[in-house]
Structure formats: C-alpha cells, structure tokens
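Heads up, start-v9.txt below (compact mmCIF, C-alpha atoms and all ligand atoms):
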# COMPACT_ATOMS: atom_id res chain seq x y z
CA MET A 23 108.47 115.46 125.23
CA TRP A 24 105.64 113.94 123.26
CA VAL A 25 102.02 114.76 122.68
CA ARG A 26 100.37 111.55 123.88
CA ASN A 27 96.75 112.39 123.21
CA ALA A 28 96.85 112.10 119.44
CA TRP A 29 96.38 109.59 116.64
CA TYR A 30 99.62 108.42 115.01
CA VAL A 31 100.06 106.41 111.82
CA ALA A 32 101.60 103.03 112.70
CA GLY A 33 101.86 101.94 109.06
CA TRP A 34 100.08 101.03 105.88
CA SER A 35 97.43 98.42 106.52
CA HIS A 36 99.06 96.05 103.99
CA GLU A 37 102.28 95.97 106.07
CA PHE A 38 100.55 94.00 108.80
CA ALA A 39 100.36 90.46 107.45
CA ALA A 40 98.34 87.90 109.40
CA GLY A 41 100.17 85.27 111.44
CA ARG A 42 103.04 87.55 112.46
CA ILE A 43 103.74 89.97 115.29
CA HIS A 44 104.88 93.37 114.06
CA ALA A 45 107.06 95.53 116.32
CA ARG A 46 106.81 99.30 115.99
CA THR A 47 107.95 102.22 118.11
CA ILE A 48 105.88 105.41 118.29
CA ILE A 49 106.84 108.34 120.54
CA ASP A 50 109.34 106.08 122.31
CA GLN A 51 106.65 103.52 123.15
CA PRO A 52 107.18 99.95 121.88
CA VAL A 53 104.05 98.48 120.31
CA ALA A 54 103.30 94.95 119.07
CA LEU A 55 100.64 94.68 116.38
CA TYR A 56 98.98 91.52 115.09
CA ARG A 57 95.85 90.35 113.34
CA ILE A 58 93.20 88.30 115.11
CA GLY A 59 91.02 85.66 113.45
CA ASP A 60 88.48 88.09 111.98
CA GLY A 61 91.27 90.04 110.27
CA GLY A 62 91.08 92.94 112.72
CA LEU A 63 94.28 94.47 114.08
CA VAL A 64 95.30 94.62 117.72
CA ALA A 65 98.02 96.85 119.20
CA LEU A 66 99.49 95.93 122.59
CA GLU A 67 102.36 97.36 124.55
CA ASP A 68 105.43 95.47 123.35
CA ARG A 69 106.68 94.81 126.87
CA CYS A 70 105.54 91.86 128.93
CA CYS A 71 104.36 92.95 132.38
CA HIS A 72 106.34 90.11 134.00
CA ARG A 73 109.99 90.96 133.35
CA PHE A 74 109.66 93.24 130.34
CA ALA A 75 110.59 90.91 127.49
CA PRO A 76 109.19 92.13 124.16
CA LEU A 77 105.92 90.45 123.23
CA SER A 78 106.92 90.82 119.59
CA MET A 79 109.42 88.00 120.32
CA GLY A 80 106.50 85.90 121.47
CA ARG A 81 104.06 83.55 119.76
CA LEU A 82 100.52 83.93 118.44
CA GLU A 83 98.10 81.36 119.81
CA GLY A 84 94.78 81.96 118.09
CA ASP A 85 93.78 85.49 119.03
CA ASP A 86 96.14 85.51 122.03
CA LEU A 87 99.79 86.43 122.32
CA ARG A 88 102.16 84.40 124.49
CA CYS A 89 105.38 85.87 125.84
CA MET A 90 108.10 83.38 124.96
CA TYR A 91 110.32 84.20 127.91
CA HIS A 92 108.35 82.58 130.74
CA GLY A 93 105.06 81.93 128.98
CA LEU A 94 102.51 84.50 130.20
CA LYS A 95 99.63 84.63 127.75
CA PHE A 96 97.68 87.77 126.87
CA ALA A 97 94.26 88.25 125.28
CA PRO A 98 93.72 90.92 122.57
CA ASP A 99 92.42 93.33 125.23
CA GLY A 100 95.81 93.13 127.00
CA ARG A 101 94.62 91.01 129.96
CA CYS A 102 96.89 88.18 131.07
CA VAL A 103 94.86 84.98 130.75
CA GLU A 104 97.48 82.41 131.73
CA ILE A 105 100.52 82.22 134.01
CA PRO A 106 102.14 78.78 133.70
CA GLY A 107 102.08 76.91 137.03
CA GLN A 108 100.06 79.62 138.81
CA ARG A 109 96.29 79.47 139.35
CA LEU A 110 95.73 83.03 140.49
CA ILE A 111 96.16 85.75 137.89
CA PRO A 112 96.40 89.17 139.55
CA GLN A 113 94.34 92.02 138.09
CA SER A 114 97.54 93.96 137.53
CA ALA A 115 98.73 91.27 135.11
CA CYS A 116 98.00 93.08 131.88
CA VAL A 117 99.67 95.08 129.16
CA ARG A 118 98.42 98.28 127.65
CA ARG A 119 96.10 98.03 124.66
CA TYR A 120 96.18 100.95 122.25
CA PRO A 121 92.98 102.15 120.55
CA LEU A 122 93.38 101.37 116.85
CA GLU A 123 91.51 102.52 113.75
CA VAL A 124 92.06 101.70 110.09
CA ARG A 125 91.10 104.66 107.90
CA GLY A 126 91.84 104.80 104.21
CA SER A 127 94.93 102.58 104.07
CA TRP A 128 96.57 103.82 107.26
CA VAL A 129 96.57 102.14 110.65
CA TRP A 130 96.16 104.76 113.38
CA LEU A 131 97.05 104.32 117.04
CA TRP A 132 95.93 106.54 119.90
CA MET A 133 98.92 106.86 122.22
CA GLY A 134 97.25 108.70 125.12
CA ASP A 135 94.36 108.24 127.53
CA VAL A 136 92.03 105.58 126.19
CA ALA A 137 88.94 107.49 127.30
CA ALA A 138 90.01 110.50 125.21
CA ALA A 139 90.48 108.51 121.96
CA ASP A 140 88.09 110.16 119.52
CA PRO A 141 88.17 108.69 115.98
CA ALA A 142 86.60 111.91 114.70
CA LEU A 143 90.04 113.52 115.15
CA ILE A 144 91.53 111.29 112.42
CA PRO A 145 91.91 113.34 109.24
CA PRO A 146 90.30 111.80 106.12
CA SER A 147 92.75 110.04 103.80
CA LEU A 148 92.21 108.01 100.65
CA ALA A 149 92.45 104.24 100.41
CA LEU A 150 95.22 103.16 98.04
CA ASP A 151 92.69 101.10 96.08
CA ASP A 152 90.16 103.93 95.68
CA PRO A 153 88.93 103.42 92.09
CA ALA A 154 88.82 107.16 91.35
CA TRP A 155 92.61 107.44 91.82
CA ARG A 156 95.76 105.64 90.76
CA LEU A 157 98.25 105.74 93.62
CA LYS A 158 101.60 104.33 94.67
CA ALA A 159 102.86 104.29 98.24
CA GLY A 160 105.99 103.83 100.29
CA HIS A 161 107.80 104.92 103.40
CA LEU A 162 111.16 106.32 104.40
CA ASP A 163 113.00 106.34 107.72
CA TYR A 164 114.64 109.52 108.92
CA ALA A 165 117.39 109.99 111.49
CA ALA A 166 115.80 113.27 112.55
CA HIS A 167 113.18 114.71 114.89
CA TYR A 168 109.72 114.70 113.32
CA LEU A 169 109.27 118.47 113.69
CA LEU A 170 112.11 119.08 111.22
CA ILE A 171 110.15 117.06 108.64
CA ASP A 172 106.98 118.94 109.56
CA ASP A 173 108.84 122.25 109.10
CA ASN A 174 109.80 121.09 105.62
CA LEU A 175 106.22 120.20 104.67
CA LEU A 176 104.82 123.43 106.08
CA ASP A 177 107.24 125.59 104.11
CA LEU A 178 107.21 124.57 100.45
CA SER A 179 109.43 127.51 99.52
CA HIS A 180 112.18 124.88 99.55
CA LEU A 181 110.78 123.32 96.36
CA SER A 182 112.48 125.99 94.22
CA PHE A 183 115.89 125.08 95.65
CA ALA A 184 116.00 121.66 97.31
CA HIS A 185 113.93 120.27 94.43
CA GLU A 186 115.07 122.51 91.59
CA LYS A 187 115.47 119.51 89.26
CA THR A 188 112.47 117.52 90.51
CA LEU A 189 109.24 118.80 92.07
CA GLY A 190 110.21 122.48 91.92
CA GLN A 191 111.54 122.60 88.38
CA ASP A 192 110.68 125.89 86.63
CA MET A 193 108.69 126.99 89.65
CA PRO A 194 110.46 129.99 91.28
CA GLN A 195 107.07 131.06 92.66
CA TRP A 196 107.37 128.49 95.47
CA ALA A 197 110.08 130.65 97.00
CA ASP A 198 109.06 134.06 95.68
CA GLU A 199 105.39 134.11 96.68
CA ARG A 200 103.74 133.36 100.00
CA PRO A 201 100.74 131.04 100.36
CA ARG A 202 97.52 131.84 102.19
CA MET A 203 96.99 129.99 105.46
CA ALA A 204 94.01 129.25 107.64
CA PRO A 205 93.86 127.45 110.99
CA LEU A 206 92.41 123.95 111.36
CA GLU A 207 91.52 122.31 114.67
CA ARG A 208 94.90 120.57 114.95
CA GLY A 209 96.70 122.03 111.97
CA LEU A 210 96.83 124.47 109.11
CA ARG A 211 95.32 124.78 105.63
CA VAL A 212 97.80 126.12 103.05
CA GLN A 213 96.78 127.24 99.55
CA ARG A 214 98.43 128.99 96.64
CA TRP A 215 98.52 129.52 92.90
CA ILE A 216 101.63 128.90 90.82
CA ALA A 217 100.68 130.86 87.69
CA ASP A 218 102.10 130.52 84.18
CA HIS A 219 104.05 127.32 84.73
CA PRO A 220 105.64 125.47 81.74
CA PRO A 221 104.92 121.76 82.27
CA ARG A 222 107.38 119.08 81.15
CA GLY A 223 107.35 115.53 79.86
CA PHE A 224 103.98 113.83 79.58
CA MET A 225 102.37 116.75 81.40
CA LYS A 226 103.43 119.06 78.56
CA LYS A 227 101.92 116.71 75.98
CA LYS A 228 98.73 116.52 77.95
CA LEU A 229 98.37 120.10 79.14
CA GLY A 230 100.17 122.31 76.63
CA GLU A 231 102.88 124.97 76.98
CA ARG A 232 101.53 126.90 79.97
CA VAL A 233 99.27 126.10 82.91
CA ASP A 234 98.21 127.61 86.20
CA VAL A 235 98.70 125.28 89.17
CA TRP A 236 96.52 125.37 92.29
CA ASN A 237 98.24 123.77 95.27
CA ALA A 238 96.25 123.19 98.43
CA TYR A 239 96.89 121.04 101.47
CA ASP A 240 95.76 120.41 104.99
CA PHE A 241 98.48 119.71 107.52
CA VAL A 242 97.35 118.10 110.74
CA PHE A 243 99.21 116.99 113.88
CA PRO A 244 101.53 115.06 114.13
CA GLY A 245 102.46 115.47 110.46
CA VAL A 246 99.60 114.44 108.22
CA PHE A 247 99.89 116.14 104.85
CA LEU A 248 96.84 115.85 102.56
CA GLN A 249 97.54 117.67 99.33
CA ARG A 250 95.65 118.23 96.09
CA THR A 251 97.42 119.90 93.18
CA SER A 252 95.31 120.75 90.15
CA PHE A 253 96.53 121.97 86.77
CA HIS A 254 94.36 124.49 84.90
CA ALA A 255 94.29 126.39 81.63
CA ALA A 256 96.50 129.49 81.77
CA GLY A 257 94.49 132.44 83.05
CA THR A 258 92.51 130.42 85.62
CA ALA A 259 94.48 131.89 88.53
CA ASP A 260 93.49 135.41 87.46
CA ARG A 261 89.88 134.41 86.86
CA SER A 262 89.82 132.84 90.34
CA ALA A 263 91.19 136.04 91.93
CA GLY A 264 93.73 134.11 93.97
CA ALA A 265 91.10 131.86 95.56
CA ALA A 266 90.17 128.23 94.80
CA PRO A 267 89.88 127.51 91.06
CA VAL A 268 86.63 128.48 89.36
CA ASP A 269 87.20 126.00 86.49
CA PRO A 270 87.60 122.20 86.61
CA PRO A 271 91.20 120.94 86.40
CA LEU A 272 92.90 119.47 83.33
CA PHE A 273 94.96 117.20 85.57
CA HIS A 274 94.67 116.44 89.25
CA ARG A 275 97.56 115.19 91.34
CA ILE A 276 97.25 113.87 94.88
CA ASP A 277 99.83 113.48 97.64
CA GLU A 278 99.06 112.04 101.05
CA GLN A 279 101.77 111.72 103.66
CA ALA A 280 102.13 111.12 107.37
CA VAL A 281 105.11 111.73 109.63
CA THR A 282 105.30 109.49 112.68
CA PRO A 283 107.73 110.28 115.50
CA ILE A 284 109.61 107.19 116.64
CA SER A 285 112.18 108.71 118.99
CA ALA A 286 113.96 112.03 119.51
CA ARG A 287 116.12 111.31 116.45
CA GLY A 288 114.03 108.87 114.48
CA SER A 289 110.89 109.35 112.38
CA ARG A 290 109.03 107.39 109.75
CA TYR A 291 107.58 109.15 106.72
CA PHE A 292 104.68 107.45 104.93
CA TYR A 293 103.70 108.71 101.50
CA ALA A 294 101.34 108.05 98.62
CA ALA A 295 101.33 109.92 95.32
CA GLY A 296 99.25 109.67 92.18
CA ALA A 297 96.57 111.22 90.05
CA ARG A 298 92.97 110.75 88.95
CA ALA A 299 92.70 107.27 87.45
CA ASP A 300 91.36 108.73 84.19
CA ASP A 301 94.37 111.07 83.88
CA ILE A 302 97.29 108.69 84.27
CA ASP A 303 98.26 105.20 83.17
CA PRO A 304 100.41 102.86 85.30
CA GLU A 305 103.60 103.61 83.36
CA ARG A 306 103.24 107.40 83.78
CA LEU A 307 102.38 106.90 87.40
CA ASP A 308 105.67 104.99 87.79
CA ARG A 309 107.52 108.02 86.37
CA LEU A 310 105.65 110.52 88.52
CA PHE A 311 106.33 108.39 91.58
CA ALA A 312 110.02 107.97 90.74
CA VAL A 313 110.49 111.76 90.54
CA THR A 314 108.59 112.12 93.81
CA GLU A 315 110.79 109.58 95.56
CA THR A 316 113.92 111.26 94.21
CA ALA A 317 112.65 114.51 95.75
CA PHE A 318 112.02 112.79 99.08
CA GLY A 319 115.64 111.63 99.00
CA GLU A 320 116.64 115.28 98.52
CA ASP A 321 114.63 116.27 101.59
CA LYS A 322 116.04 113.42 103.66
CA ALA A 323 119.65 114.29 102.83
CA LEU A 324 119.10 117.94 103.81
CA ILE A 325 117.07 117.30 106.95
CA GLU A 326 119.38 114.61 108.36
CA ALA A 327 122.38 116.88 107.74
CA GLN A 328 120.46 119.77 109.33
CA GLN A 329 119.72 117.61 112.39
CA LYS A 330 123.45 116.86 112.81
CA LEU A 331 124.32 120.56 112.69
CA ILE A 332 121.54 121.44 115.13
CA ASP A 333 122.90 118.83 117.54
CA LEU A 334 126.40 120.30 117.38
CA GLU A 335 125.05 123.46 119.05
CA PRO A 336 121.60 122.74 120.43
CA GLY A 337 121.11 126.17 122.02
CA ARG A 338 121.82 128.20 118.91
CA ARG A 339 118.90 130.24 117.54
CA MET A 340 117.76 130.03 113.94
CA LEU A 341 117.13 133.12 111.84
CA PRO A 342 113.42 133.75 111.28
CA THR A 343 112.29 134.76 107.77
CA SER A 344 108.91 135.27 106.14
CA PHE A 345 109.14 131.67 104.83
CA ASP A 346 108.62 130.38 108.33
CA ALA A 347 105.02 131.42 109.04
CA GLY A 348 103.70 127.87 108.59
CA PRO A 349 106.32 126.08 110.73
CA THR A 350 106.11 128.78 113.42
CA ARG A 351 102.31 128.58 113.63
CA PHE A 352 102.41 124.80 113.71
CA ARG A 353 105.04 124.65 116.46
CA LYS A 354 102.87 126.97 118.53
CA LEU A 355 100.02 124.51 118.03
CA VAL A 356 102.28 121.61 119.10
CA ASP A 357 103.17 123.57 122.24
CA ASP A 358 99.47 124.05 122.96
CA LEU A 359 98.89 120.30 122.58
CA LEU A 360 101.84 119.54 124.89
CA VAL A 361 100.46 121.89 127.53
CA ALA A 362 96.97 120.35 127.14
CA ASP A 363 98.65 116.97 127.78
CA GLY A 364 100.25 118.31 130.95
CA ALA A 365 103.75 118.43 129.44
CA PRO A 366 106.02 121.48 129.27
CA PRO A 367 106.04 123.30 125.90
CA ALA A 368 109.01 122.59 123.61
CA GLY A 369 109.44 126.26 122.69
CA VAL A 370 108.21 127.55 119.34
CA ARG A 371 111.59 128.76 118.13
CA SER A 372 113.64 125.92 119.53
CA ALA A 373 116.10 124.61 116.97
CA SER A 374 116.58 121.34 118.83
CA PRO A 375 113.19 119.85 119.62
S1 LIG B 401 109.02 88.33 130.67
FE1 LIG B 401 107.22 87.63 129.75
S2 LIG B 401 106.75 85.84 130.77
FE2 LIG B 401 108.48 86.57 131.80
FE FE B 402 110.58 118.59 99.97
Rewrite the coordinates I just gave you, this time as structure tokens.
Amino acid sequence: MWVRNAWYVAGWSHEFAAGRIHARTIIDQPVALYRIGDGGLVALEDRCCHRFAPLSMGRLEGDDLRCMYHGLKFAPDGRCVEIPGQRLIPQSACVRRYPLEVRGSWVWLWMGDVAAADPALIPPSLALDDPAWRLKAGHLDYAAHYLLIDDNLLDLSHLSFAHEKTLGQDMPQWADERPRMAPLERGLRVQRWIADHPPRGFMKKKLGERVDVWNAYDFVFPGVFLQRTSFHAAGTADRSAGAAPVDPPLFHRIDEQAVTPISARGSRYFYAAGARADDIDPERLDRLFAVTETAFGEDKALIEAQQKLIDLEPGRRMLPTSFDAGPTRFRKLVDDLLVADGAPPAGVRSASP
C-alpha cells in the first residue's frame, strides 16, 4: 500500500535531458517525463490510454508525445489531440498528468489527487550549484522496501557498527547515546552532540586533535533526509548545554538525501554530500564523497540482505530496542498518512512492509 498524496523525488533535474522521454516508476506507477520547448518538465502516465503501450517508447513531436504503437498523440496536459484516421476524439482519451515541481536540484512529482497537490509541502533542499556550498551527487538503487532505508536513516546508531571504518569511525557515541527528537508536520527532527571526537585526515589538519560535532537533520515523508553536521572547538557541546551550538562551526558538512519507493522491493536513493565552499576544495570533496559512497554501499549490502531474511518469514516480529524510537515514530506517521489517503495502515511494527 502506498501513500499517494505526497511529493516524491523523481530524480535530479540534470538527469532529464531535452529531446528524450525518460521512464520512471514511483509507487508502482509508470511515469514518462520529458522537456517541452521552454525547458519545463512534464510528467505523464507512461501508459497510452488506447491499448496501454508505454508512452516512453513513443516519439516527441514538439511539445507533444506520440504513442508509437498506433499513433495517438498527447499534449503536455495529457489530453489526446490526435487519433490517426478518426475525426472525433472522445473526452476520455487522455492520460494522467502528474503535478511537477523543481526545487533545489530535485524534480518532485505529486502522485495523488491533483487538487490536493500543495507545493508548500515540499521540504527545502539546496541546489547542487548553490555558490555557498560545494556538493557532489549521485543515486543508488536498492532491492528493498523504502521503509527499511528510512529505518536506517532514522536510527543513526548503526554508524558505530555498519560504518565503523567510514562515517562512524571513532564515534561510539552514535550507538551509546540517544538523540533528541521533535515532530515535524510529515516527519521528525533529530539532533545530537558527538562530544570529544578525534578527527582524521584533512579534518584533523584543519580542526585539530579534538572536536565536538553537532549533528542535526530533518526527516520528512517519504524519506527526505536534510542533514547539517557542524564541527566545533572541544567544549562547545558543554557550553551549549546539549542544545544547538552557541558558537559558529569550524567546518560545516551537508548531506541531503531522498528515498523514492519504486515498488514493494525496489527503491531509489538520491544523495548529495559536501561542505561549505570556503571549507573544502574539489580534491577533498572527492575524498569526502568517496568515503560517503563507500558507507552507502555498506548500508545497501546490509539492508538488501535484511530484506531477504524478512521475506523468508514475513510474519516474524522484530525485537524492539531503545534505538528504534525514530523508526517507530516515523512508521506511525506513515500509517496516519495511509489512513488519511483511505488505505489500510501497514502496521507500525510490521517487519515486512
Ligand atoms: S497503444 Fe498507444 S496508440 Fe495504441
Ligand atoms: Fe548508514
């Protein structure tokens, strides 16, 4: 079951080159995206209303899209404007058009009722070419349900173990200490200090032997992860009394990610990572990004293996621990969204969503 009334990331804007039709699947719905003459993007149902051939196998004709099975032609609003050899075009000859917004560098599609599409629900993300930041981006495909990836991002205790040689190196606090959490309209805000951390590599040269790290992120349905991690002089965590840092950071890292459900066992994970442009040069950004991508490979290996084991015994219950507050709260929120959509809830503790 899917939450339909939500914005989903279809891709990075730069993926959608002009002159081509791009096929994507989001919550089991096939979508064809293409650019019209003014550079704007259009998203239509990727299923011709005649006999259901994919429009992504069709042909662009100016701003229109022609199905290359029997030749029906569709305008960017989804209306059929030509049926070869037939004068009368019935009103029902149309395909669905999805509301689309480009924000930052992500292309967002609204998969539910058109009248309910509210762009104000789209969480704010950075553009990859924002001059204040130096960022690199990519994506990864998972053979797993999106909620398992969400669970992972809502419980960073795994950094101390799954990423003990990458993102969680010398950071036992990820597992040993619990973050503070606050509700957002469609998500959670998670914040924590990692005090007295020994940085490595270029970070050590730049920051010294010991720093306090403030990690804060907003996590919004369906899996939008907007994280800021700032590195501070040792002692800042104490001076800030566990709350947001009172002093400006020595180094500021940014991570922005979005999980898009494709099918019950397929998800796409979009990510960007970087730092303030003044803090990092392109070569160091390459290194930071390489470590980050290695860590994402660690997550993918674990989560895909986890999905296989879940599917061996779908009814089996997982063991709750105090790590799981974030995933549990978020799954409750997903259930609320499903119910608001008129769908049955998935069940907060269900191992096999
Ligand atoms: S299936 Fe598209 S024109 Fe027939
Ligand atoms: Fe991870």
Can you write out as JSON lines which residues of chain A fall within 7 Å of ligand FE 402 (chain B), alongside each residue's closest atom pair and its distance in Å to one decimal, counting only C-alpha atoms and all ligand atoms and ordering rows by chain and ascending residue number?
{"residue": "A:Asn174", "atom": "CA", "partner": "B:FE402", "partner_atom": "FE", "distance": 6.2}
{"residue": "A:Leu175", "atom": "CA", "partner": "B:FE402", "partner_atom": "FE", "distance": 6.6}
{"residue": "A:Leu178", "atom": "CA", "partner": "B:FE402", "partner_atom": "FE", "distance": 6.9}
{"residue": "A:His180", "atom": "CA", "partner": "B:FE402", "partner_atom": "FE", "distance": 6.5}
{"residue": "A:Leu181", "atom": "CA", "partner": "B:FE402", "partner_atom": "FE", "distance": 6.0}
{"residue": "A:Ala184", "atom": "CA", "partner": "B:FE402", "partner_atom": "FE", "distance": 6.8}
{"residue": "A:His185", "atom": "CA", "partner": "B:FE402", "partner_atom": "FE", "distance": 6.7}
{"residue": "A:Ala317", "atom": "CA", "partner": "B:FE402", "partner_atom": "FE", "distance": 6.2}
{"residue": "A:Phe318", "atom": "CA", "partner": "B:FE402", "partner_atom": "FE", "distance": 6.0}
{"residue": "A:Asp321", "atom": "CA", "partner": "B:FE402", "partner_atom": "FE", "distance": 4.9}
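For ligand LIG 401 (chain B), the neighbouring polymer residues at 8 Å or closer are Arg69, Cys70, Cys71, His72, Arg73, Phe74, Ala75, Pro76, Leu77, Arg88, Cys89, Met90, Tyr91, His92, Gly93, Leu94, Lys95 and Ile105 of chain A, only C-alpha atoms and all ligand atoms being used.
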May I have the residues from that selection written out with C-alpha atoms, as a compact mmCIF listing (two decimals), in the coordinates of the input?
# COMPACT_ATOMS: atom_id res chain seq x y z
CA ARG A 69 106.68 94.81 126.87
CA CYS A 70 105.54 91.86 128.93
CA CYS A 71 104.36 92.95 132.38
CA HIS A 72 106.34 90.11 134.00
CA ARG A 73 109.99 90.96 133.35
CA PHE A 74 109.66 93.24 130.34
CA ALA A 75 110.59 90.91 127.49
CA PRO A 76 109.19 92.13 124.16
CA LEU A 77 105.92 90.45 123.23
CA ARG A 88 102.16 84.40 124.49
CA CYS A 89 105.38 85.87 125.84
CA MET A 90 108.10 83.38 124.96
CA TYR A 91 110.32 84.20 127.91
CA HIS A 92 108.35 82.58 130.74
CA GLY A 93 105.06 81.93 128.98
CA LEU A 94 102.51 84.50 130.20
CA LYS A 95 99.63 84.63 127.75
CA ILE A 105 100.52 82.22 134.01
Expressed in Å to a single decimal, how great is the separation between atom CA of Ser179 of chain A and atom CA of Leu157 of chain A?
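Pair atom CA of Ser179 of chain A / atom CA of Leu157 of chain A returns 25.2 Å.
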Nearest to Arg208 of chain A: which of A:Phe273, A:Trp196, A:Trp155, A:Phe241 is it, counting all atoms listed in the file?
A:Phe241
May I ask which of the residues A:Arg306, A:Ser182, A:Asp99, A:Ser289 is the closest one to Arg46 of chain A, counting only C-alpha atoms?
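Using only C-alpha atoms, the shortest distance to Arg46 of chain A belongs to A:Ser289.
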Might you pull out every residue within 7 Å of Leu66 of chain A, with all atoms listed in the file counted and same-chain residues fewer than 2 positions away left off, and present them as a list of chain:residue names?
A:Val53, A:Ala54, A:Leu55, A:Val64, A:Asp68, A:Gly100, A:Val117, A:Arg118, A:Arg119, A:Tyr120
Which is closer to Val356 of chain A than all the others in A:Glu207, A:Asp85, A:Asp308, A:Glu37, using all atoms listed in the file?
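Between A:Glu207, A:Asp85, A:Asp308, A:Glu37, the residue approaching Val356 of chain A most closely is A:Glu207.
Minimum distance to Tyr164 of chain A across A:Ala266, A:Leu310, A:Val281, A:Ala347 (counting all atoms listed in the file) occurs at A:Val281.
For the pair atom CA of Gly62 of chain A and atom CA of Met133 of chain A, the separation is 18.6 Å.
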Straight-line distance linking atom CA of Gly190 of chain A with atom CA of Gly160 of chain A, stated in Å to one decimal:
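Atom CA of Gly160 of chain A lies at a distance of 20.9 Å from atom CA of Gly190 of chain A.
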Among the residues A:Asp192, A:Glu123, A:Glu278, A:Asp151, the one that comes closest to Ala217 of chain A [using all atoms listed in the file]:
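Closest to Ala217 of chain A, using all atoms listed in the file: A:Asp192.
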Give the answer as one residue: which of A:Ile48, A:Leu359, A:Ala299, A:Ala40 has the shortest atom-to-atom distance to Asp60 of chain A, using only C-alpha atoms?
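Smallest distance to Asp60 of chain A is found for A:Ala40.
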